[in-house]
file coords-v1.txt (compact mmCIF, C-alpha atoms)
# COMPACT_ATOMS: atom_id res chain seq x y z
CA MET Y 1 -59.24 -0.84 -1.45
CA SER Y 2 -56.98 2.08 -0.64
CA GLN Y 3 -55.35 4.11 -3.32
CA GLN Y 4 -51.70 4.97 -2.97
CA SER Y 5 -50.93 8.62 -3.36
CA PRO Y 6 -48.34 9.46 -6.04
CA THR Y 7 -44.79 9.69 -4.79
CA ARG Y 8 -43.67 13.27 -4.44
CA LYS Y 9 -40.21 14.28 -5.46
CA TYR Y 10 -38.54 16.15 -2.66
CA SER Y 11 -37.14 19.49 -3.77
CA SER Y 12 -34.88 21.46 -1.48
CA PRO Y 13 -34.03 25.02 -2.53
CA LEU Y 14 -31.12 24.99 -0.06
CA ARG Y 15 -29.71 21.78 -1.50
CA GLU Y 16 -30.10 23.11 -5.07
CA SER Y 17 -28.36 26.34 -4.07
CA GLN Y 18 -25.49 24.40 -2.49
CA ALA Y 19 -25.16 22.21 -5.59
CA GLN Y 20 -25.05 25.30 -7.82
CA GLU Y 21 -22.40 26.88 -5.59
CA THR Y 22 -20.30 23.70 -5.74
CA ARG Y 23 -20.59 23.65 -9.52
CA GLU Y 24 -19.49 27.29 -9.67
CA ARG Y 25 -16.57 26.56 -7.35
CA ILE Y 26 -15.43 23.75 -9.66
CA LEU Y 27 -15.65 26.02 -12.71
CA ARG Y 28 -13.76 28.81 -10.88
CA ALA Y 29 -11.06 26.32 -9.89
CA THR Y 30 -10.73 25.27 -13.53
CA SER Y 31 -10.35 28.92 -14.50
CA ASP Y 32 -7.72 29.54 -11.80
CA LEU Y 33 -5.70 26.49 -12.87
CA LEU Y 34 -5.71 27.46 -16.54
CA ASN Y 35 -4.89 31.09 -15.80
CA GLY Y 36 -2.02 29.97 -13.58
CA ASN Y 37 -0.43 27.72 -16.19
CA ALA Y 38 -1.76 28.03 -19.73
CA PHE Y 39 0.37 25.11 -20.91
CA ALA Y 40 -0.57 22.57 -18.22
CA ASP Y 41 -2.88 19.68 -18.98
CA ILE Y 42 -4.89 19.76 -15.78
CA SER Y 43 -6.63 16.68 -14.39
CA MET Y 44 -9.89 16.17 -12.53
CA ASP Y 45 -7.79 15.57 -9.41
CA ASP Y 46 -6.17 19.00 -9.90
CA VAL Y 47 -9.61 20.59 -10.22
CA ALA Y 48 -10.91 18.81 -7.11
CA ARG Y 49 -7.92 19.93 -5.02
CA SER Y 50 -8.18 23.52 -6.25
CA ALA Y 51 -11.94 23.61 -5.61
CA GLY Y 52 -11.55 22.05 -2.17
CA VAL Y 53 -13.91 19.17 -2.94
CA GLU Y 54 -13.64 15.41 -3.32
CA ARG Y 55 -12.84 13.97 -6.74
CA ARG Y 56 -16.19 12.18 -6.77
CA THR Y 57 -17.93 15.54 -6.24
CA VAL Y 58 -16.40 16.86 -9.46
CA PHE Y 59 -17.69 13.77 -11.29
CA ARG Y 60 -21.12 14.18 -9.71
CA HIS Y 61 -21.40 17.56 -11.43
CA PHE Y 62 -19.46 16.72 -14.60
CA ALA Y 63 -19.56 13.09 -15.70
CA THR Y 64 -16.40 13.40 -17.79
CA LYS Y 65 -13.45 15.71 -18.22
CA GLU Y 66 -14.88 16.67 -21.62
CA ALA Y 67 -18.19 17.67 -20.00
CA LEU Y 68 -16.34 19.85 -17.47
CA PHE Y 69 -14.31 21.64 -20.12
CA ASP Y 70 -17.25 22.07 -22.47
CA ALA Y 71 -19.23 23.71 -19.65
CA PHE Y 72 -16.20 25.80 -18.76
CA TRP Y 73 -15.68 27.12 -22.30
CA VAL Y 74 -19.39 27.93 -22.65
CA ARG Y 75 -19.15 29.91 -19.40
CA ILE Y 76 -16.01 31.76 -20.56
CA ASN Y 77 -17.51 32.63 -23.95
CA GLN Y 78 -20.68 33.91 -22.26
CA SER Y 79 -18.67 36.02 -19.80
CA MET Y 80 -16.71 37.53 -22.71
CA ASN Y 81 -19.91 37.97 -24.74
CA ALA Y 82 -18.05 36.40 -27.67
CA ALA Y 83 -20.10 35.49 -30.75
CA THR Y 84 -18.50 32.11 -31.29
CA LEU Y 85 -21.23 31.23 -33.80
CA PRO Y 86 -22.15 34.52 -35.54
CA THR Y 87 -25.46 34.57 -37.38
CA THR Y 88 -24.99 37.50 -39.80
CA LEU Y 89 -22.15 38.75 -41.96
CA GLU Y 90 -22.08 42.03 -40.04
CA GLU Y 91 -21.75 40.13 -36.76
CA LEU Y 92 -18.96 37.98 -38.18
CA LEU Y 93 -17.00 41.03 -39.37
CA ARG Y 94 -17.43 42.67 -35.94
CA SER Y 95 -16.54 39.59 -33.93
CA PRO Y 96 -12.75 40.15 -33.66
CA LEU Y 97 -13.39 43.75 -32.57
CA ASP Y 98 -15.51 42.49 -29.67
CA ALA Y 99 -13.66 39.28 -28.80
CA PHE Y 100 -9.94 40.09 -29.03
CA PRO Y 101 -9.90 42.74 -26.26
CA GLN Y 102 -11.70 40.19 -24.05
CA PHE Y 103 -9.00 37.64 -24.93
CA ASP Y 104 -6.45 40.05 -23.41
CA LYS Y 105 -8.42 40.01 -20.14
CA ASN Y 106 -8.49 36.18 -20.11
CA GLU Y 107 -5.04 35.60 -21.55
CA GLY Y 108 -4.10 32.47 -19.59
CA ILE Y 109 -7.38 30.77 -20.38
CA ILE Y 110 -7.26 31.66 -24.08
CA ARG Y 111 -3.68 30.40 -24.40
CA ALA Y 112 -4.71 27.22 -22.60
CA SER Y 113 -7.43 26.70 -25.20
CA LEU Y 114 -4.68 26.72 -27.84
CA HIS Y 115 -1.90 24.79 -26.14
CA THR Y 116 -3.43 22.05 -24.01
CA PRO Y 117 -4.95 18.75 -25.18
CA THR Y 118 -8.24 19.56 -23.44
CA GLY Y 119 -8.39 22.99 -25.08
CA HIS Y 120 -7.64 21.51 -28.49
CA ALA Y 121 -10.28 18.80 -28.03
CA MET Y 122 -12.85 21.39 -26.99
CA ARG Y 123 -12.16 23.51 -30.07
CA MET Y 124 -12.32 20.51 -32.39
CA ARG Y 125 -15.79 19.65 -31.06
CA THR Y 126 -17.03 23.07 -32.26
CA VAL Y 127 -15.63 22.89 -35.80
CA LYS Y 128 -18.73 21.55 -37.55
CA ALA Y 129 -21.06 24.17 -36.02
CA ARG Y 130 -18.53 26.93 -36.67
CA ARG Y 131 -18.19 25.99 -40.36
CA THR Y 132 -21.96 26.01 -40.77
CA ALA Y 133 -22.25 29.41 -39.05
CA PHE Y 134 -19.50 31.01 -41.14
CA ARG Y 135 -20.91 29.61 -44.39
CA THR Y 136 -24.37 30.95 -43.53
CA CYS Y 137 -22.94 34.40 -42.80
CA LEU Y 138 -20.94 34.46 -46.02
CA GLU Y 139 -24.05 33.69 -48.08
CA GLU Y 140 -24.96 37.35 -47.48
CA ALA Y 141 -21.86 38.47 -49.39
CA ASN Y 142 -23.33 37.52 -52.78
CA LEU Y 143 -20.53 35.06 -53.41
CA ASP Y 144 -21.05 31.70 -55.07
CA VAL Y 145 -20.55 29.60 -51.91
CA ASN Y 146 -19.23 26.71 -53.99
CA SER Y 147 -16.63 28.80 -55.84
CA LYS Y 148 -12.92 28.63 -55.08
CA SER Y 149 -12.95 32.28 -54.03
CA ALA Y 150 -15.71 31.72 -51.47
CA ARG Y 151 -13.98 28.64 -50.06
CA LYS Y 152 -10.73 30.60 -49.69
CA VAL Y 153 -12.54 33.46 -47.95
CA GLU Y 154 -14.28 31.08 -45.56
CA ALA Y 155 -11.02 29.34 -44.66
CA LEU Y 156 -9.25 32.64 -44.05
CA PHE Y 157 -12.16 33.95 -41.96
CA HIS Y 158 -11.70 30.93 -39.68
CA LEU Y 159 -8.06 31.91 -39.30
CA LEU Y 160 -8.65 35.63 -38.79
CA TYR Y 161 -11.41 35.25 -36.22
CA SER Y 162 -9.57 32.86 -33.93
CA ALA Y 163 -7.55 32.74 -30.74
CA SER Y 164 -4.57 31.75 -32.93
CA ALA Y 165 -4.81 35.03 -34.87
CA TRP Y 166 -5.11 37.00 -31.62
CA GLU Y 167 -2.04 35.24 -30.19
CA THR Y 168 0.08 35.73 -33.33
CA LEU Y 169 -0.84 39.41 -33.71
CA LYS Y 170 -0.13 39.94 -30.01
CA ASP Y 171 3.15 38.00 -29.78
CA TYR Y 172 4.67 38.69 -33.22
CA GLY Y 173 2.93 41.93 -34.14
CA GLY Y 174 3.16 43.47 -30.69
CA LEU Y 175 -0.52 44.47 -30.84
CA THR Y 176 -3.06 44.84 -28.06
CA GLY Y 177 -6.26 42.84 -28.30
CA LYS Y 178 -8.10 45.97 -29.43
CA ASP Y 179 -5.58 46.65 -32.22
CA ALA Y 180 -5.47 42.97 -33.20
CA GLY Y 181 -9.26 42.94 -33.47
CA GLN Y 182 -9.19 45.97 -35.76
CA VAL Y 183 -6.53 44.38 -37.97
CA ALA Y 184 -8.43 41.07 -38.22
CA SER Y 185 -11.73 42.78 -39.01
CA TRP Y 186 -10.07 45.02 -41.62
CA ALA Y 187 -8.42 41.97 -43.24
CA MET Y 188 -11.75 40.14 -43.40
CA GLN Y 189 -13.38 43.10 -45.15
CA ALA Y 190 -10.46 43.38 -47.58
CA LEU Y 191 -10.76 39.67 -48.40
CA LEU Y 192 -14.45 40.04 -49.18
CA LYS Y 193 -13.78 42.90 -51.58
CA ALA Y 194 -11.00 40.93 -53.29
CA ALA Y 195 -13.28 37.89 -53.63
CA GLU Y 196 -16.10 39.99 -55.11
CA THR Y 197 -13.65 41.39 -57.69
CA ASP Y 198 -12.44 37.85 -58.45
CA GLU Y 199 -15.95 36.61 -59.17
CA ASN Y 200 -17.01 39.59 -61.33

call {"tool": "encode", "arguments": {"input": "coords-v1.txt", "output": "structure tokens"}}
result
Amino acid sequence: MSQQSPTRKYSSPLRESQAQETRERILRATSDLLNGNAFADISMDDVARSAGVERRTVFRHFATKEALFDAFWVRINQSMNAATLPTTLEELLRSPLDAFPQFDKNEGIIRASLHTPTGHAMRMRTVKARRTAFRTCLEEANLDVNSKSARKVEALFHLLYSASAWETLKDYGGLTGKDAGQVASWAMQALLKAAETDEN
């Protein structure tokens, strides 16, 4: 009785390289579309046309529009080296200093994250993790995390370290990303001192 040899999975480095290049082309097309019109709600058809691929190819790499945009925002945050989920209080206080100048370099994309339905949906999916990260960081500040003061500080930190704060300081305050980052970081430190005084 002959034994059947186990089926081998065929792996082609060339095919994998081509698939990776197609994925990158789709993500670059998404970036180009958002940079070109920060207020447009782009579709998968728009992405396919811009990338020069079939619509089904986009769906082969990203099963849903949400999956495409989640992958895109991860890529953007990595390229900007933005600590979207800081792990220490020091990192949280530094985050606007590092991120806001990068927002200037990616202005169309950052505005799109604020003003399009897909950008809004992406940000809403990160809220729970962001709240947990901020709360963990603020535990280092020796505040009673359940006190009113601590809850106010946490809420205002979400505001100050955000694309919304960058946009407001830029558009209404006339600040560069670098200056806006300094203002936001300074305000966060001032809030911590005020909260410590409140609780003592």

call {"tool": "residues_around", "arguments": {"input": "coords-v1.txt", "residues": "segment 191-194 of chain Y", "least_positions_apart": "4", "cutoff": "9 Å", "atoms": "all atoms listed in the file", "output": "list in words"}}
result
Ala141, Leu143, Ser149, Ala150, Val153, Leu156, Phe157, Trp186, Ala187, Asp198 and Glu199 of chain Y

call {"tool": "residues_near_point", "arguments": {"input": "coords-v1.txt", "point": "(-21.0, 29.0, -42.7)", "cutoff": "12 Å", "atoms": "all atoms listed in the file", "output": "mmCIF file with C-alpha atoms, keeping the file's coordinate frame"}}
result
data_model
loop_
_atom_site.group_PDB
_atom_site.id
_atom_site.type_symbol
_atom_site.label_atom_id
_atom_site.label_comp_id
_atom_site.auth_asym_id
_atom_site.auth_seq_id
_atom_site.Cartn_x
_atom_site.Cartn_y
_atom_site.Cartn_z
ATOM 1 C CA LEU Y 85 -21.230 31.230 -33.800
ATOM 2 C CA PRO Y 86 -22.150 34.520 -35.540
ATOM 3 C CA THR Y 87 -25.460 34.570 -37.380
ATOM 4 C CA THR Y 88 -24.990 37.500 -39.800
ATOM 5 C CA LEU Y 89 -22.150 38.750 -41.960
ATOM 6 C CA LEU Y 92 -18.960 37.980 -38.180
ATOM 7 C CA VAL Y 127 -15.630 22.890 -35.800
ATOM 8 C CA LYS Y 128 -18.730 21.550 -37.550
ATOM 9 C CA ALA Y 129 -21.060 24.170 -36.020
ATOM 10 C CA ARG Y 130 -18.530 26.930 -36.670
ATOM 11 C CA ARG Y 131 -18.190 25.990 -40.360
ATOM 12 C CA THR Y 132 -21.960 26.010 -40.770
ATOM 13 C CA ALA Y 133 -22.250 29.410 -39.050
ATOM 14 C CA PHE Y 134 -19.500 31.010 -41.140
ATOM 15 C CA ARG Y 135 -20.910 29.610 -44.390
ATOM 16 C CA THR Y 136 -24.370 30.950 -43.530
ATOM 17 C CA CYS Y 137 -22.940 34.400 -42.800
ATOM 18 C CA LEU Y 138 -20.940 34.460 -46.020
ATOM 19 C CA GLU Y 139 -24.050 33.690 -48.080
ATOM 20 C CA GLU Y 140 -24.960 37.350 -47.480
ATOM 21 C CA ALA Y 141 -21.860 38.470 -49.390
ATOM 22 C CA VAL Y 145 -20.550 29.600 -51.910
ATOM 23 C CA ASN Y 146 -19.230 26.710 -53.990
ATOM 24 C CA ALA Y 150 -15.710 31.720 -51.470
ATOM 25 C CA ARG Y 151 -13.980 28.640 -50.060
ATOM 26 C CA VAL Y 153 -12.540 33.460 -47.950
ATOM 27 C CA GLU Y 154 -14.280 31.080 -45.560
ATOM 28 C CA ALA Y 155 -11.020 29.340 -44.660
ATOM 29 C CA PHE Y 157 -12.160 33.950 -41.960
ATOM 30 C CA HIS Y 158 -11.700 30.930 -39.680
#

call {"tool": "atom_distance", "arguments": {"input": "coords-v1.txt", "atom1": "atom CA of Val53 of chain Y", "atom2": "atom CA of Ala29 of chain Y"}}
result
10.4 Å

call {"tool": "atom_distance", "arguments": {"input": "coords-v1.txt", "atom1": "atom CA of Thr126 of chain Y", "atom2": "atom CA of Ser147 of chain Y"}}
result
24.3 Å

call {"tool": "axis_aligned_box", "arguments": {"input": "coords-v1.txt", "around": "segment 11-16 of chain Y", "padding_each_side": "6 Å", "output": "JSON"}}
result
{"center_x": -33.4, "center_y": 22.3, "center_z": -2.6, "size_x": 19.4, "size_y": 17.5, "size_z": 17.0}

call {"tool": "atom_distance", "arguments": {"input": "coords-v1.txt", "atom1": "atom CA of Pro96 of chain Y", "atom2": "atom CA of Met80 of chain Y"}}
result
11.9 Å

call {"tool": "residues_around", "arguments": {"input": "coords-v1.txt", "residues": "Ala180 of chain Y", "least_positions_apart": "5", "cutoff": "7 Å", "atoms": "all atoms listed in the file", "output": "list in words"}}
result
Phe100, Trp166, Leu169, Lys170 and Leu175 of chain Y

call {"tool": "closest_residue", "arguments": {"input": "coords-v1.txt", "among": "Y:Lys152, Y:Ala99, Y:His61, Y:Arg94", "to": "Ser79 of chain Y", "atoms": "only C-alpha atoms"}}
result
Y:Ala99
